[in-house]
$ cat structure_24.cif   # mmCIF, C-alpha atoms
data_input
#
loop_
_atom_site.label_atom_id
_atom_site.label_comp_id
_atom_site.auth_asym_id
_atom_site.auth_seq_id
_atom_site.Cartn_x
_atom_site.Cartn_y
_atom_site.Cartn_z
CA MET A 13 0.00 0.00 0.00
CA ALA A 14 1.26 3.47 -0.84
CA ARG A 15 2.29 5.55 2.15
CA THR A 16 1.67 9.25 2.58
CA MET A 17 4.72 11.39 1.87
CA ASP A 18 6.03 13.13 4.96
CA THR A 19 7.72 16.52 4.98
CA ARG A 20 11.19 14.98 5.11
CA SER A 21 10.66 13.64 1.60
CA ARG A 22 10.76 17.19 0.31
CA ARG A 23 14.49 17.16 0.92
CA TRP A 24 14.71 15.25 -2.33
CA GLN A 25 14.01 18.49 -4.18
CA ARG A 26 17.56 19.69 -3.57
CA TRP A 27 18.85 16.97 -5.90
CA PHE A 28 17.19 18.50 -8.94
CA ILE A 29 17.93 21.55 -11.06
CA LYS A 30 14.90 23.65 -11.79
CA PRO A 31 14.34 24.59 -15.44
CA SER A 32 14.90 28.14 -16.62
CA ALA A 33 11.94 30.51 -16.75
CA GLY A 34 9.57 29.71 -19.58
CA ALA A 35 11.10 26.32 -20.35
CA PRO A 36 9.03 23.16 -19.96
CA PRO A 37 10.20 21.12 -16.97
CA PRO A 38 12.17 17.94 -17.73
CA ALA A 39 10.29 14.70 -17.16
CA SER A 40 12.51 13.95 -14.16
CA VAL A 41 11.49 17.17 -12.40
CA SER A 42 7.85 16.69 -13.34
CA GLY A 43 8.03 13.15 -12.01
CA ILE A 44 9.45 14.27 -8.68
CA GLU A 45 6.82 16.99 -8.39
CA ALA A 46 4.12 14.36 -9.02
CA LEU A 47 5.71 12.17 -6.35
CA LEU A 48 5.79 14.99 -3.81
CA GLU A 49 2.13 15.67 -4.55
CA GLY A 50 1.25 12.01 -3.99
CA ARG A 51 0.36 11.36 -7.65
CA TYR A 52 2.22 8.08 -7.74
CA GLY A 53 0.79 6.81 -11.03
CA ASP A 54 1.83 9.96 -12.87
CA ALA A 55 5.20 9.96 -11.13
CA GLU A 56 5.95 6.40 -12.16
CA LYS A 57 5.15 7.04 -15.84
CA LEU A 58 7.31 10.18 -15.94
CA LEU A 59 10.23 8.66 -14.06
CA LEU A 60 10.15 5.51 -16.18
CA ALA A 61 10.27 7.67 -19.31
CA THR A 62 13.25 9.58 -17.92
CA LEU A 63 15.05 6.35 -17.09
CA GLN A 64 14.42 4.84 -20.51
CA ARG A 65 15.75 7.97 -22.19
CA ALA A 66 18.86 8.03 -19.98
CA GLU A 67 19.53 4.34 -20.65
CA ARG A 68 19.34 5.02 -24.37
CA VAL A 69 21.19 8.34 -24.62
CA HIS A 70 23.49 8.49 -21.56
CA PRO A 71 23.99 4.90 -20.36
CA GLU A 72 27.14 5.59 -18.29
CA SER A 73 26.26 9.05 -16.99
CA LEU A 74 25.33 10.64 -13.69
CA GLU A 75 21.99 11.42 -15.34
CA HIS A 76 21.34 7.70 -15.74
CA ALA A 77 22.25 7.05 -12.10
CA ARG A 78 19.91 9.81 -10.91
CA ALA A 79 17.07 8.44 -13.04
CA LEU A 80 17.54 5.03 -11.42
CA ILE A 81 17.60 6.58 -7.96
CA ASP A 82 14.51 8.72 -8.56
CA LEU A 83 12.41 5.74 -9.66
CA ALA A 84 13.77 3.63 -6.80
CA GLU A 85 12.78 6.37 -4.33
CA LEU A 86 9.24 6.26 -5.66
CA TYR A 87 9.10 2.50 -5.11
CA ARG A 88 10.63 2.85 -1.65
CA THR A 89 8.00 5.44 -0.73
CA GLN A 90 5.32 2.94 -1.74
CA ALA A 91 7.03 0.11 0.19
CA ARG A 92 7.70 -1.68 -3.11
CA TYR A 93 11.02 -2.83 -1.79
CA GLU A 94 11.60 -5.71 -4.22
CA GLU A 95 11.41 -3.22 -7.09
CA ALA A 96 13.43 -0.49 -5.36
CA GLU A 97 16.40 -2.65 -4.34
CA PRO A 98 17.73 -3.59 -7.81
CA LEU A 99 17.40 -0.01 -9.03
CA PHE A 100 19.42 1.31 -6.11
CA ARG A 101 22.01 -1.41 -6.69
CA ARG A 102 22.28 -0.52 -10.39
CA ALA A 103 22.77 3.14 -9.51
CA ILE A 104 25.47 2.31 -6.96
CA SER A 105 27.30 0.13 -9.49
CA LEU A 106 27.10 2.87 -12.12
CA LEU A 107 28.42 5.54 -9.76
CA GLU A 108 31.23 3.29 -8.58
CA ARG A 109 32.46 3.09 -12.16
CA GLY A 110 32.45 6.87 -12.55
CA ASP A 111 35.01 9.53 -11.70
CA ASP A 112 35.48 11.13 -8.29
CA SER A 113 32.56 13.53 -8.75
CA ALA A 114 30.25 10.61 -9.50
CA ARG A 115 31.50 8.69 -6.47
CA GLY A 116 30.57 11.67 -4.31
CA ALA A 117 26.93 11.06 -5.28
CA LEU A 118 27.07 7.53 -3.87
CA ALA A 119 25.93 8.55 -0.39
CA ARG A 120 22.33 9.03 -1.46
CA PRO A 121 21.62 5.59 -2.97
CA LEU A 122 23.69 3.88 -0.28
CA ASN A 123 21.61 5.49 2.47
CA SER A 124 18.34 4.87 0.63
CA LEU A 125 19.15 1.20 0.07
CA ALA A 126 19.93 0.99 3.79
CA LEU A 127 16.46 2.40 4.45
CA VAL A 128 14.97 -0.33 2.25
CA TYR A 129 16.74 -3.01 4.27
CA ARG A 130 15.95 -1.37 7.59
CA ALA A 131 12.25 -1.27 6.74
CA GLN A 132 12.41 -5.03 6.23
CA GLY A 133 14.33 -5.66 9.44
CA LEU A 134 17.49 -6.59 7.54
CA TYR A 135 19.77 -4.64 9.84
CA GLU A 136 22.92 -6.60 9.04
CA ARG A 137 22.57 -5.44 5.42
CA ALA A 138 21.62 -1.87 6.30
CA GLU A 139 24.49 -1.14 8.68
CA PRO A 140 27.48 -1.35 6.29
CA LEU A 141 25.66 0.80 3.75
CA CYS A 142 25.09 3.47 6.41
CA HIS A 143 28.75 3.38 7.41
CA ARG A 144 29.85 3.74 3.82
CA ALA A 145 27.47 6.64 3.11
CA LEU A 146 28.58 8.37 6.30
CA ALA A 147 32.25 8.01 5.39
CA ILE A 148 31.63 9.58 1.98
CA LEU A 149 29.77 12.57 3.43
CA GLU A 150 32.32 13.10 6.18
CA ALA A 151 35.13 13.09 3.63
CA LEU A 152 33.29 15.59 1.45
CA ASN A 153 31.80 17.92 4.06
CA GLY A 154 33.29 17.14 7.47
CA ARG A 155 31.94 15.26 10.47
CA GLU A 156 29.52 17.92 11.69
CA HIS A 157 27.94 18.98 8.41
CA PRO A 158 24.11 18.94 8.19
CA SER A 159 24.28 16.55 5.22
CA THR A 160 25.37 13.79 7.59
CA ALA A 161 22.29 14.12 9.83
CA ALA A 162 20.01 11.88 7.75
CA VAL A 163 22.58 9.09 7.54
CA LEU A 164 23.34 9.41 11.24
CA GLY A 165 19.63 9.05 11.95
CA ASN A 166 19.43 5.95 9.78
CA LEU A 167 22.41 4.29 11.44
CA LEU A 168 21.10 5.31 14.86
CA ALA A 169 17.77 3.60 14.11
CA VAL A 170 19.62 0.44 13.07
CA TYR A 171 21.49 0.38 16.38
CA LEU A 172 18.39 1.07 18.45
CA ALA A 173 16.41 -1.66 16.68
CA GLN A 174 19.10 -4.13 17.66
CA GLY A 175 19.37 -2.91 21.24
CA ARG A 176 22.93 -1.65 20.72
CA ASP A 177 22.54 1.24 23.12
CA GLY A 178 26.27 1.67 23.76
CA GLU A 179 26.85 2.43 20.09
CA ALA A 180 23.64 4.44 19.72
CA GLY A 181 24.45 6.93 22.49
CA PRO A 182 27.33 8.76 20.78
CA LEU A 183 25.36 8.95 17.53
CA PHE A 184 22.36 10.38 19.39
CA ARG A 185 24.49 13.11 20.95
CA ARG A 186 26.17 13.91 17.66
CA SER A 187 22.86 14.08 15.78
CA VAL A 188 21.32 16.40 18.36
CA ALA A 189 24.42 18.62 18.32
CA ILE A 190 24.24 18.99 14.53
CA LYS A 191 20.55 19.85 14.60
CA GLU A 192 21.07 22.32 17.42
CA ARG A 193 23.84 24.07 15.51
CA VAL A 194 21.84 24.19 12.26
CA LEU A 195 18.48 25.19 13.75
CA GLY A 196 19.71 27.19 16.71
CA PRO A 197 19.36 26.23 20.41
CA ARG A 198 15.88 27.74 20.74
CA HIS A 199 14.25 26.46 17.57
CA PRO A 200 10.89 24.69 18.26
CA GLU A 201 11.71 21.86 15.83
CA LEU A 202 14.61 20.88 18.06
CA ALA A 203 12.20 19.82 20.83
CA GLY A 204 11.43 16.45 19.26
CA SER A 205 15.10 15.51 19.00
CA LEU A 206 15.72 16.57 22.60
CA SER A 207 12.73 14.51 23.80
CA ASN A 208 13.89 11.45 21.87
CA TYR A 209 17.33 11.70 23.38
CA ALA A 210 15.83 12.14 26.85
CA ALA A 211 13.74 8.98 26.33
CA PHE A 212 16.88 7.12 25.30
CA LEU A 213 18.64 8.32 28.46
CA ARG A 214 15.71 7.15 30.60
CA LYS A 215 15.96 3.75 28.98
CA THR A 216 19.66 3.55 29.70
CA ARG A 217 19.08 4.64 33.32
CA SER A 218 20.60 8.09 33.11
CA ASP A 219 17.60 9.70 34.81
CA ALA A 220 19.31 12.87 36.03
CA GLU A 221 20.70 13.68 32.60
CA ALA A 222 17.38 12.76 30.98
CA ALA A 223 15.56 15.28 33.19
CA THR A 224 17.84 18.05 31.92
CA TRP A 225 17.06 17.28 28.28
CA GLU A 226 13.33 16.91 29.04
CA ALA A 227 13.34 20.36 30.64
CA ARG A 228 15.01 21.86 27.56
CA ALA A 229 12.45 20.22 25.27
CA ALA A 230 9.56 21.46 27.41
CA ALA A 231 10.94 25.01 27.37
CA LEU A 232 11.02 24.99 23.56
CA ARG A 233 7.37 23.90 23.40
CA ARG A 234 6.09 26.75 25.54
#
$ encode --input "structure_24.cif" --output "structure tokens"
Amino acid sequence: MARTMDTRSRRWQRWFIKPSAGAPPPASVSGIEALLEGRYGDAEKLLLATLQRAERVHPESLEHARALIDLAELYRTQARYEEAEPLFRRAISLLERGDDSARGALARPLNSLALVYRAQGLYERAEPLCHRALAILEALNGREHPSTAAVLGNLLAVYLAQGRDGEAGPLFRRSVAIKERVLGPRHPELAGSLSNYAAFLRKTRSDAEAATWEARAAALRR
């Protein structure tokens, strides 16, 4: 069953170049817009057309890899994991054969494929993909860059699902620190992250520290 797109999915828009004024949008952009609007049937037709064109005209290009990723993201959104997985794998293989600039784009399909596996409870497959995506982003942007936050969150969820609290704790603190620096210490959207970390601390029996984070979260919600 198709799932409703959440606001985080709109981050995908940063991967696309908007057409110049007056020009018709490329099918890839139109397909993503249809996806963001929940028009999955339209999105699939447009993204399939983009992929077929890229396979024919630019078979070894970054454009081809992006077309594979875009269609795979649609299938992932709809929980069509058996269809999403091979597309992500094809994109990863294509990018691995490219130059250094193409390899820099690997983080996205690696993290998305990890999400596919995580959704199916295949944590042993998801974890190495998260580590690899994180290493790429850290090498490109540094350890505390906002681009790492999504991958950190994915790896954190993998650890939590397996009860690996000792490994999850440092990632939780790092993720919260990045969000706090990006949003600012008084931003209301930070409250959810602070509350989640406080709940984790309660679970790991750090009640005094948890109370401090709970108080900060409550202050942001006032």
$ closest_residue --input "structure_24.cif" --among "A:Arg115, A:Arg137, A:Arg92, A:Arg130" --to "A:Ala151" --atoms "all atoms listed in the file"
A:Arg115
$ residues_around --input "structure_24.cif" --residues "stretch 99-114 of chain A" --least-positions-apart "4" --cutoff "9 Å" --atoms "all atoms listed in the file" --output "ChimeraX atom specification"
/A:72-74,76-81,83-85,95,118,121-122,124-125
$ residues_around --input "structure_24.cif" --residues "A:His143" --least-positions-apart "4" --cutoff "12 Å" --atoms "all atoms listed in the file" --output "list of chain:residue names"
A:Ala119, A:Leu122, A:Asn123, A:Ala126, A:Glu136, A:Arg137, A:Ala138, A:Glu139, A:Ala147, A:Ile148, A:Leu149, A:Glu150, A:Thr160, A:Val163, A:Leu164, A:Gly165, A:Asn166, A:Leu167, A:Leu168, A:Val170, A:Tyr171
$ residues_near_point --input "structure_24.cif" --point "(10.8, 24.8, 26.3)" --cutoff "12 Å" --atoms "all atoms listed in the file" --output "short mmCIF file (atom, residue, chain, number, x, y, z; two decimals) with C-alpha atoms, in the coordinates of the input"
data_model
loop_
_atom_site.label_atom_id
_atom_site.label_comp_id
_atom_site.auth_asym_id
_atom_site.auth_seq_id
_atom_site.Cartn_x
_atom_site.Cartn_y
_atom_site.Cartn_z
CA PRO A 197 19.36 26.23 20.41
CA ARG A 198 15.88 27.74 20.74
CA HIS A 199 14.25 26.46 17.57
CA PRO A 200 10.89 24.69 18.26
CA GLU A 201 11.71 21.86 15.83
CA LEU A 202 14.61 20.88 18.06
CA ALA A 203 12.20 19.82 20.83
CA GLY A 204 11.43 16.45 19.26
CA LEU A 206 15.72 16.57 22.60
CA SER A 207 12.73 14.51 23.80
CA THR A 224 17.84 18.05 31.92
CA TRP A 225 17.06 17.28 28.28
CA GLU A 226 13.33 16.91 29.04
CA ALA A 227 13.34 20.36 30.64
CA ARG A 228 15.01 21.86 27.56
CA ALA A 229 12.45 20.22 25.27
CA ALA A 230 9.56 21.46 27.41
CA ALA A 231 10.94 25.01 27.37
CA LEU A 232 11.02 24.99 23.56
CA ARG A 233 7.37 23.90 23.40
CA ARG A 234 6.09 26.75 25.54
#
$ residues_around --input "structure_24.cif" --residues "stretch 188-191 of chain A" --least-positions-apart "3" --cutoff "9 Å" --atoms "all atoms listed in the file" --output "JSON, numbers by chain"
{"A": [156, 157, 158, 160, 161, 183, 184, 185, 194, 195, 196, 197, 202, 205, 206, 209]}
$ closest_residue --input "structure_24.cif" --among "A:Ala169, A:Leu146, A:Ser159, A:Arg217" --to "A:Tyr129" --atoms "only C-alpha atoms"
A:Ala169
$ residues_near_point --input "structure_24.cif" --point "(8.0, 2.5, -2.3)" --cutoff "12 Å" --atoms "all atoms listed in the file" --output "PyMOL selection string"
chain A and resi 13-17+47+50+52+55-56+81-97+99+124-125+127-128+131
$ atom_distance --input "structure_24.cif" --atom1 "atom CA of A:Gly181" --atom2 "atom CA of A:Leu213"
8.4 Å
$ atom_distance --input "structure_24.cif" --atom1 "atom CA of A:Leu58" --atom2 "atom CA of A:Ser42"
7.0 Å
$ atom_distance --input "structure_24.cif" --atom1 "atom CA of A:Asn208" --atom2 "atom CA of A:Leu152"
28.5 Å
$ residues_around --input "structure_24.cif" --residues "A:Arg65" --least-positions-apart "3" --cutoff "12 Å" --atoms "all atoms listed in the file" --output "MDAnalysis selection string"
chainID A and resid 38:40 58:62 68:71 73 75:76 79:80
$ closest_residue --input "structure_24.cif" --among "A:Arg155, A:Arg51, A:Leu63, A:Phe212" --to "A:Leu172" --atoms "all atoms listed in the file"
A:Phe212
$ closest_residue --input "structure_24.cif" --among "A:Pro98, A:Ala162, A:Gly43, A:Ala220" --to "A:Cys142" --atoms "only C-alpha atoms"
A:Ala162
$ residues_around --input "structure_24.cif" --residues "stretch 173-177 of chain A" --least-positions-apart "6" --cutoff "9 Å" --atoms "only C-alpha atoms" --output "PDB file with C-alpha atoms, keeping the file's coordinate frame"
ATOM      1  CA  GLY A 133      14.330  -5.660   9.440  1.00  0.00           C
ATOM      2  CA  TYR A 135      19.770  -4.640   9.840  1.00  0.00           C
ATOM      3  CA  PHE A 212      16.880   7.120  25.300  1.00  0.00           C
ATOM      4  CA  THR A 216      19.660   3.550  29.700  1.00  0.00           C
TER       5      THR A 216
END
$ decode --input "structure_24.cif" --residues "stretch 159-178 of chain A" --atoms "C-alpha atoms" --output "short mmCIF file (atom, residue, chain, number, x, y, z; two decimals), in the first residue's frame"
data_model
loop_
_atom_site.label_atom_id
_atom_site.label_comp_id
_atom_site.auth_asym_id
_atom_site.auth_seq_id
_atom_site.Cartn_x
_atom_site.Cartn_y
_atom_site.Cartn_z
CA SER A 159 24.28 16.55 5.22
CA THR A 160 25.37 13.79 7.59
CA ALA A 161 22.29 14.12 9.83
CA ALA A 162 20.01 11.88 7.75
CA VAL A 163 22.58 9.09 7.54
CA LEU A 164 23.34 9.41 11.24
CA GLY A 165 19.63 9.05 11.95
CA ASN A 166 19.43 5.95 9.78
CA LEU A 167 22.41 4.29 11.44
CA LEU A 168 21.10 5.31 14.86
CA ALA A 169 17.77 3.60 14.11
CA VAL A 170 19.62 0.44 13.07
CA TYR A 171 21.49 0.38 16.38
CA LEU A 172 18.39 1.07 18.45
CA ALA A 173 16.41 -1.66 16.68
CA GLN A 174 19.10 -4.13 17.66
CA GLY A 175 19.37 -2.91 21.24
CA ARG A 176 22.93 -1.65 20.72
CA ASP A 177 22.54 1.24 23.12
CA GLY A 178 26.27 1.67 23.76
#
